[in-house]
file start_33.cif (mmCIF, C-alpha atoms)
data_target
loop_
_atom_site.label_atom_id
_atom_site.label_comp_id
_atom_site.auth_asym_id
_atom_site.auth_seq_id
_atom_site.Cartn_x
_atom_site.Cartn_y
_atom_site.Cartn_z
CA MET T 1 89.98 88.65 126.78
CA THR T 2 87.72 86.19 124.97
CA THR T 3 85.70 88.64 122.86
CA MET T 4 86.51 91.72 120.84
CA LYS T 5 84.68 94.80 119.68
CA THR T 6 83.68 94.57 116.01
CA LEU T 7 81.99 97.09 113.75
CA VAL T 8 79.70 95.33 111.27
CA VAL T 9 77.80 96.57 108.22
CA ASN T 10 74.72 94.50 109.03
CA GLU T 11 72.90 95.70 105.92
CA PRO T 12 73.24 98.73 103.65
CA ARG T 13 73.37 101.97 105.66
CA SER T 14 73.49 100.10 108.97
CA LEU T 15 76.61 99.93 111.16
CA ILE T 16 76.30 98.00 114.42
CA TRP T 17 78.67 96.96 117.19
CA GLN T 18 79.06 93.26 117.93
CA ALA T 19 81.09 91.36 120.49
CA ARG T 20 82.77 88.57 118.55
CA PRO T 21 85.07 85.78 119.75
CA LEU T 22 88.76 86.56 119.62
CA PRO T 23 90.13 84.80 116.51
CA THR T 24 92.40 81.78 116.88
CA PRO T 25 95.05 81.68 114.14
CA THR T 26 95.43 78.52 112.09
CA ALA T 27 98.88 77.13 111.33
CA GLN T 28 99.11 79.40 108.27
CA ASP T 29 97.80 82.53 110.00
CA VAL T 30 99.00 85.32 112.26
CA LEU T 31 96.83 87.06 114.85
CA ILE T 32 97.29 90.82 114.79
CA LYS T 33 95.98 93.61 117.01
CA VAL T 34 94.75 96.35 114.69
CA ILE T 35 96.47 99.70 115.32
CA ALA T 36 95.23 101.82 112.42
CA ALA T 37 92.93 101.36 109.44
CA GLY T 38 92.31 103.45 106.36
CA ILE T 39 88.81 104.24 105.12
CA CYS T 40 88.50 103.48 101.42
CA GLY T 41 85.91 104.47 98.82
CA THR T 42 85.07 100.77 98.71
CA ASP T 43 84.04 100.94 102.38
CA ILE T 44 81.82 103.95 101.71
CA HIS T 45 80.14 102.30 98.70
CA ALA T 46 79.64 99.09 100.68
CA TRP T 47 77.96 101.00 103.51
CA ALA T 48 75.66 102.68 100.98
CA GLY T 49 74.79 99.39 99.27
CA ASN T 50 76.44 100.37 96.00
CA GLN T 51 79.27 97.84 95.97
CA PRO T 52 78.70 95.05 93.42
CA PHE T 53 79.17 91.41 94.44
CA PHE T 54 79.06 92.44 98.10
CA SER T 55 77.27 90.36 100.71
CA TYR T 56 76.04 91.34 104.16
CA PRO T 57 76.73 91.28 107.03
CA ARG T 58 80.36 92.27 106.47
CA VAL T 59 83.22 93.67 108.51
CA LEU T 60 84.95 96.30 106.39
CA GLY T 61 88.59 97.35 106.50
CA HIS T 62 91.38 96.32 104.12
CA GLU T 63 93.92 99.12 104.65
CA LEU T 64 95.49 97.97 107.89
CA CYS T 65 98.46 98.30 110.20
CA GLY T 66 98.65 95.98 113.17
CA GLU T 67 100.87 94.43 115.80
CA VAL T 68 101.61 90.71 115.84
CA VAL T 69 100.04 89.02 118.86
CA ALA T 70 100.49 85.34 118.08
CA CYS T 71 101.53 83.04 115.24
CA GLY T 72 99.74 79.87 114.28
CA SER T 73 103.10 78.30 113.54
CA ALA T 74 106.59 78.87 114.90
CA THR T 75 107.78 79.23 111.30
CA CYS T 76 105.37 82.06 110.33
CA GLY T 77 108.27 84.50 109.96
CA PHE T 78 106.97 87.07 112.45
CA THR T 79 107.35 87.62 116.19
CA PRO T 80 104.92 89.03 118.78
CA GLY T 81 105.17 92.80 119.05
CA GLN T 82 106.30 93.25 115.45
CA ARG T 83 104.45 95.90 113.42
CA VAL T 84 102.95 94.72 110.13
CA ALA T 85 100.85 96.00 107.23
CA LEU T 86 98.24 93.92 105.45
CA ILE T 87 98.33 92.88 101.81
CA PRO T 88 94.57 92.24 101.57
CA TYR T 89 94.48 90.29 98.30
CA VAL T 90 94.19 86.55 98.89
CA ALA T 91 95.07 84.89 95.59
CA CYS T 92 94.38 81.28 94.62
CA GLY T 93 97.93 80.65 93.40
CA GLU T 94 96.69 78.28 90.70
CA CYS T 95 94.98 80.28 87.93
CA ASP T 96 96.82 81.53 84.84
CA ALA T 97 97.24 85.03 86.31
CA CYS T 98 98.77 83.68 89.52
CA GLN T 99 101.01 81.28 87.64
CA SER T 100 102.34 84.21 85.58
CA GLY T 101 103.05 86.25 88.72
CA LYS T 102 100.02 88.54 88.37
CA THR T 103 98.41 87.69 91.69
CA ASN T 104 96.82 91.15 91.72
CA CYS T 105 94.35 90.02 89.05
CA CYS T 106 93.83 86.44 90.23
CA GLU T 107 90.72 84.91 88.66
CA HIS T 108 89.45 83.87 92.09
CA ILE T 109 90.79 86.69 94.21
CA SER T 110 89.30 87.25 97.66
CA VAL T 111 89.93 90.63 99.24
CA ILE T 112 90.01 90.87 103.03
CA GLY T 113 87.45 93.46 104.05
CA VAL T 114 85.48 93.05 100.82
CA HIS T 115 84.85 89.39 100.04
CA GLN T 116 85.66 88.26 103.57
CA ASP T 117 85.60 90.03 106.93
CA GLY T 118 88.23 92.70 107.44
CA GLY T 119 89.83 94.88 110.05
CA PHE T 120 87.19 97.20 111.53
CA CYS T 121 87.68 95.15 114.70
CA GLU T 122 90.23 94.91 117.48
CA TYR T 123 91.94 91.69 116.34
CA LEU T 124 92.20 89.91 113.01
CA SER T 125 93.68 86.57 111.94
CA VAL T 126 95.22 86.70 108.46
CA PRO T 127 97.53 84.52 106.36
CA ALA T 128 101.18 85.09 107.20
CA THR T 129 101.89 85.39 103.47
CA ASN T 130 99.66 88.49 103.38
CA LEU T 131 101.70 90.49 105.88
CA LEU T 132 104.58 92.89 105.39
CA ALA T 133 106.97 93.92 108.20
CA VAL T 134 106.80 97.70 108.72
CA ASP T 135 108.64 98.35 111.97
CA ASP T 136 110.36 101.38 110.42
CA VAL T 137 107.09 102.99 109.23
CA ALA T 138 104.71 104.88 111.54
CA PRO T 139 101.36 103.10 112.05
CA GLU T 140 99.29 105.84 110.43
CA ALA T 141 101.42 105.75 107.30
CA ALA T 142 101.60 101.96 107.31
CA ALA T 143 97.80 101.80 107.18
CA LEU T 144 98.01 103.68 103.87
CA ILE T 145 100.55 101.41 102.21
CA GLU T 146 97.74 99.58 100.40
CA PRO T 147 96.29 102.59 98.52
CA PHE T 148 99.81 103.85 97.80
CA ALA T 149 100.63 100.37 96.46
CA ILE T 150 97.70 100.58 94.03
CA SER T 151 99.15 103.90 92.87
CA ALA T 152 102.62 102.39 92.57
CA HIS T 153 101.25 99.55 90.46
CA ALA T 154 99.64 102.05 88.05
CA VAL T 155 102.92 103.95 87.78
CA ARG T 156 104.71 100.69 87.04
CA ARG T 157 102.11 99.73 84.43
CA ALA T 158 102.71 103.07 82.70
CA ALA T 159 106.49 102.47 82.78
CA ILE T 160 107.02 106.02 84.03
CA ALA T 161 110.62 107.16 83.96
CA ALA T 162 112.56 110.32 84.75
CA GLY T 163 111.64 113.17 82.42
CA ASP T 164 108.29 111.72 81.32
CA ALA T 165 105.46 114.23 80.94
CA VAL T 166 102.69 112.73 83.07
CA LEU T 167 99.11 113.89 83.52
CA VAL T 168 97.25 112.40 86.49
CA ILE T 169 93.49 112.89 86.25
CA GLY T 170 91.74 112.76 89.61
CA ALA T 171 93.14 113.97 92.95
CA GLY T 172 91.52 111.37 95.16
CA PRO T 173 93.76 109.09 97.24
CA ILE T 174 94.90 106.91 94.33
CA GLY T 175 95.55 109.85 92.01
CA LEU T 176 97.50 111.63 94.74
CA GLY T 177 99.59 108.51 95.27
CA VAL T 178 100.21 108.19 91.53
CA ALA T 179 101.30 111.82 91.31
CA ALA T 180 103.64 111.52 94.32
CA ILE T 181 105.26 108.30 93.13
CA ALA T 182 105.63 109.49 89.53
CA ALA T 183 107.22 112.73 90.76
CA ALA T 184 109.58 110.73 92.98
CA ALA T 185 110.65 108.83 89.85
CA GLY T 186 111.66 112.13 88.27
CA ALA T 187 108.68 112.60 85.97
CA GLN T 188 107.17 115.99 85.14
CA VAL T 189 103.74 115.67 86.77
CA THR T 190 100.59 117.73 86.35
CA VAL T 191 97.34 116.88 88.15
CA ALA T 192 93.81 117.60 86.92
CA ASP T 193 90.77 117.74 89.19
CA THR T 194 87.51 119.68 89.14
CA SER T 195 87.62 120.23 92.94
CA ALA T 196 89.34 123.43 94.08
CA PRO T 197 90.06 122.05 97.60
CA ARG T 198 91.68 118.97 96.12
CA ARG T 199 93.77 121.06 93.76
CA ALA T 200 94.87 123.10 96.77
CA HIS T 201 95.80 119.85 98.57
CA VAL T 202 97.96 118.85 95.59
CA ALA T 203 99.82 122.16 95.67
CA LYS T 204 100.29 122.14 99.45
CA GLN T 205 101.13 118.49 100.16
CA LEU T 206 102.77 117.42 96.88
CA GLY T 207 104.13 120.71 95.57
CA LEU T 208 102.76 119.99 92.10
CA LYS T 209 100.69 121.98 89.61
CA ALA T 210 96.99 121.18 89.53
CA HIS T 211 94.42 122.48 87.06
CA ASP T 212 90.69 122.28 86.48
CA PRO T 213 90.12 120.14 83.34
CA LEU T 214 86.81 121.95 82.74
CA GLU T 215 88.55 125.31 82.31
CA ALA T 216 88.44 126.59 78.72
CA ASP T 217 92.22 127.02 78.65
CA PHE T 218 93.08 123.68 80.29
CA GLU T 219 94.93 122.44 77.20
CA GLN T 220 97.04 125.59 77.11
CA GLN T 221 97.87 125.16 80.82
CA LEU T 222 98.78 121.54 80.21
CA ARG T 223 101.03 122.32 77.26
CA ALA T 224 102.67 125.15 79.18
CA GLY T 225 103.85 122.65 81.78
CA PHE T 226 105.12 120.18 79.20
CA GLY T 227 107.11 122.45 76.88
CA GLY T 228 104.23 123.03 74.47
CA LYS T 229 103.33 119.33 74.21
CA LEU T 230 100.55 117.13 75.50
CA ALA T 231 101.21 114.41 78.07
CA ALA T 232 103.27 111.35 77.12
CA LYS T 233 101.56 109.33 79.86
CA VAL T 234 98.03 109.87 81.14
CA ILE T 235 96.77 108.00 84.22
CA ASP T 236 93.07 108.38 84.94
CA ALA T 237 92.22 107.69 88.58
CA THR T 238 88.70 109.13 88.57
CA GLY T 239 86.46 106.16 87.84
CA ASN T 240 84.29 108.77 86.11
CA PRO T 241 83.06 107.69 82.64
CA ALA T 242 83.10 111.19 81.16
CA SER T 243 86.68 111.69 82.30
CA MET T 244 87.79 108.25 81.16
CA ASN T 245 86.13 108.60 77.75
CA GLY T 246 87.82 111.95 77.20
CA ALA T 247 91.23 111.22 78.73
CA ILE T 248 92.77 110.43 75.34
CA THR T 249 92.25 114.09 74.39
CA TRP T 250 95.21 115.08 76.55
CA LEU T 251 97.56 112.35 75.26
CA ARG T 252 100.24 113.06 72.67
CA HIS T 253 100.73 110.79 69.67
CA GLY T 254 102.55 107.59 70.60
CA GLY T 255 101.52 107.97 74.24
CA THR T 256 100.23 105.63 76.96
CA LEU T 257 96.86 105.81 78.69
CA VAL T 258 96.28 103.90 81.93
CA PHE T 259 92.93 103.44 83.66
CA VAL T 260 93.32 102.78 87.38
CA GLY T 261 89.96 104.23 88.41
CA LEU T 262 87.11 101.74 87.99
CA HIS T 263 83.82 102.45 86.21
CA LYS T 264 81.04 99.84 86.41
CA GLY T 265 79.63 100.51 82.94
CA ASP T 266 81.01 100.67 79.41
CA LEU T 267 83.58 103.09 78.06
CA VAL T 268 83.28 104.72 74.64
CA ILE T 269 86.64 105.90 73.33
CA PRO T 270 86.71 107.65 69.94
CA ASP T 271 88.47 105.22 67.63
CA ILE T 272 90.00 107.85 65.35
CA ALA T 273 91.62 109.60 68.31
CA PHE T 274 92.76 106.23 69.63
CA HIS T 275 94.24 104.96 66.36
CA LYS T 276 95.91 108.10 65.09
CA ARG T 277 97.91 108.23 68.32
CA GLU T 278 98.77 104.53 68.13
CA THR T 279 97.72 104.61 71.76
CA THR T 280 98.95 102.10 74.28
CA LEU T 281 95.91 101.47 76.50
CA LEU T 282 96.36 99.68 79.84
CA GLY T 283 94.27 98.74 82.83
CA SER T 284 95.71 98.66 86.35
CA ARG T 285 94.19 96.56 89.13
CA ASN T 286 95.20 96.19 92.78
CA ALA T 287 98.91 95.68 93.48
CA THR T 288 101.55 93.00 93.98
CA ARG T 289 103.92 92.39 96.88
CA GLU T 290 106.60 94.17 94.84
CA ASP T 291 104.48 97.33 94.87
CA PHE T 292 103.87 97.05 98.63
CA THR T 293 107.58 96.60 99.26
CA ASN T 294 108.48 99.58 97.08
CA VAL T 295 105.97 101.80 98.90
CA CYS T 296 107.24 100.63 102.28
CA GLU T 297 110.78 101.63 101.30
CA LEU T 298 109.62 105.03 100.00
CA MET T 299 107.79 105.65 103.27
CA ALA T 300 110.74 104.55 105.37
CA ASN T 301 113.05 107.03 103.62
CA GLY T 302 110.52 109.87 103.77
CA THR T 303 109.72 110.08 100.06
CA LEU T 304 106.08 109.20 100.68
CA ARG T 305 104.14 110.66 103.61
CA ALA T 306 100.71 109.91 105.02
CA ASP T 307 99.61 113.54 104.66
CA MET T 308 100.03 113.31 100.89
CA MET T 309 96.56 111.73 100.87
CA LEU T 310 95.39 111.77 104.50
CA ASN T 311 93.28 114.67 105.78
CA GLN T 312 90.86 113.18 108.35
CA ARG T 313 91.31 111.08 111.50
CA TYR T 314 88.76 109.06 113.45
CA ASP T 315 88.67 107.05 116.67
CA PHE T 316 87.43 103.48 116.40
CA ALA T 317 85.32 103.72 119.56
CA SER T 318 83.17 106.53 118.10
CA LEU T 319 83.21 105.50 114.44
CA ALA T 320 79.68 104.04 114.23
CA ALA T 321 78.12 107.33 115.32
CA ARG T 322 80.42 109.41 113.12
CA PHE T 323 80.40 107.31 109.97
CA GLU T 324 77.38 108.82 108.23
CA PRO T 325 77.74 112.50 109.27
CA ASP T 326 81.53 112.74 109.30
CA VAL T 327 82.61 110.21 106.65
CA ILE T 328 79.77 109.76 104.18
CA ASN T 329 78.67 113.42 104.20
CA ASN T 330 82.10 115.00 104.66
CA ARG T 331 82.77 116.81 101.39
CA ALA T 332 86.27 117.72 102.59
CA LEU T 333 87.26 114.07 103.04
CA ILE T 334 90.06 112.81 100.81
CA LYS T 335 91.37 109.97 102.95
CA GLY T 336 90.60 109.08 106.54
CA VAL T 337 92.43 106.85 109.03
CA ILE T 338 90.89 105.15 112.06
CA HIS T 339 93.02 104.94 115.21
CA PHE T 340 92.49 102.04 117.63
CA THR T 341 93.29 102.90 121.24
CA GLY T 342 93.42 100.86 124.46
#
call {"tool": "encode", "arguments": {"input": "start_33.cif", "output": "structure tokens"}}
result
Amino acid sequence: MTTMKTLVVNEPRSLIWQARPLPTPTAQDVLIKVIAAGICGTDIHAWAGNQPFFSYPRVLGHELCGEVVACGSATCGFTPGQRVALIPYVACGECDACQSGKTNCCEHISVIGVHQDGGFCEYLSVPATNLLAVDDVAPEAAALIEPFAISAHAVRRAAIAAGDAVLVIGAGPIGLGVAAIAAAAGAQVTVADTSAPRRAHVAKQLGLKAHDPLEADFEQQLRAGFGGKLAAKVIDATGNPASMNGAITWLRHGGTLVFVGLHKGDLVIPDIAFHKRETTLLGSRNATREDFTNVCELMANGTLRADMMLNQRYDFASLAARFEPDVINNRALIKGVIHFTG
């Protein structure tokens, strides 16, 4: 085989198939055969033309599980046939953030599948340092390690511990991951989402309470779950400005508020509410290798499962035709995974 099948966003709202040359790994890279790929909100926004700092044409796909085909160097640390997951953040290693160990917020970060071509293709060559061995994790779950790692990073930022009263706002993939990981740490977790199907998913797949934050008695429901108190930790995973601006309402005095969902505009937080609580306000971006490793271990021991966020499956060969009707316009979609066959 000298060419491979590649799905390209040629321009906004246009997905086309291209035959591209099979990549040749450099000395620092590993060639992988893609087995499964997650579909992220970033991919959907990029297709629609709503992703800032995005250039076209682009091959999407940054939530990946693959099989090692070849190494550019005998010392790459992997062997052909080994199953791996991708850490898609390529950091510069030189900026202040990288030097302090915060590669997740590198000043010059390049994300595979966003800033450079990703894994909606049959083969991909990536830096060996951006791979994680996942032989003991099923491919479908391994493709979701990246979004779970973002959730794990937010939980770590919030310093969630056993017994903490935690409110997770937003039951999309990241919020679901946050709720699952916080619960696994022994926290008391309540989820808020305006979507009834998503609240039902929380109850069925995570076994947690979920409420509609627009209900008139939402505060009473929240306090009932936390022994009459508000949440000690609030993690907002919505990316919705109204939710983010009002999230402090549900935080007890002395509490911690973490924004993991991203909003492109400004936030307006009432200063009196912020100050009287002596609020600890944190942002959470991407994830580090430590988060990926932790998620991998939680998946391997069964604590985290793919179906905690996954509810749709697609075949790579038919994805171009299905992307708009079945992905973009699928109101039931929470998280989808693409399977590569053949």
call {"tool": "closest_residue", "arguments": {"input": "start_33.cif", "among": "T:Cys121, T:Ile87, T:Leu144, T:Met309", "to": "Gly38 (chain T)", "atoms": "all atoms listed in the file"}}
result
T:Leu144
call {"tool": "residues_around", "arguments": {"input": "start_33.cif", "residues": "region 223-230 of chain T", "least_positions_apart": "4", "cutoff": "10 Å", "atoms": "all atoms listed in the file", "output": "ChimeraX atom specification"}}
result
/T:164-167,188-190,209,218-219,234,249-253,255
call {"tool": "resolve_selection", "arguments": {"input": "start_33.cif", "expression": "the PyMOL selection byres ((chain T and resi 313-329) around 7)", "output": "PyMOL selection string"}}
result
chain T and resi 15-16+44+312+330-331+336-340
call {"tool": "resolve_selection", "arguments": {"input": "start_33.cif", "expression": "the PyMOL selection byres ((chain T and resi 120) around 6)", "output": "PyMOL selection string"}}
result
chain T and resi 7+60-61+119+121
call {"tool": "residues_around", "arguments": {"input": "start_33.cif", "residues": "Arg305 (chain T)", "least_positions_apart": "4", "cutoff": "12 Å", "atoms": "all atoms listed in the file", "output": "MDAnalysis selection string"}}
result
chainID T and resid 137:145 148 176:177 180:181 184 205:206 295:301 309:311
call {"tool": "closest_residue", "arguments": {"input": "start_33.cif", "among": "T:Thr303, T:Thr194, T:Thr256, T:Thr6", "to": "Asn240 (chain T)", "atoms": "all atoms listed in the file"}}
result
T:Thr194
call {"tool": "atom_distance", "arguments": {"input": "start_33.cif", "atom1": "CA of Ala128 (chain T)", "atom2": "CA of Asp291 (chain T)"}}
result
17.7 Å
call {"tool": "atom_distance", "arguments": {"input": "start_33.cif", "atom1": "CA of Thr79 (chain T)", "atom2": "CA of Pro25 (chain T)"}}
result
13.8 Å
call {"tool": "atom_distance", "arguments": {"input": "start_33.cif", "atom1": "CA of Val260 (chain T)", "atom2": "CA of Gly49 (chain T)"}}
result
22.3 Å
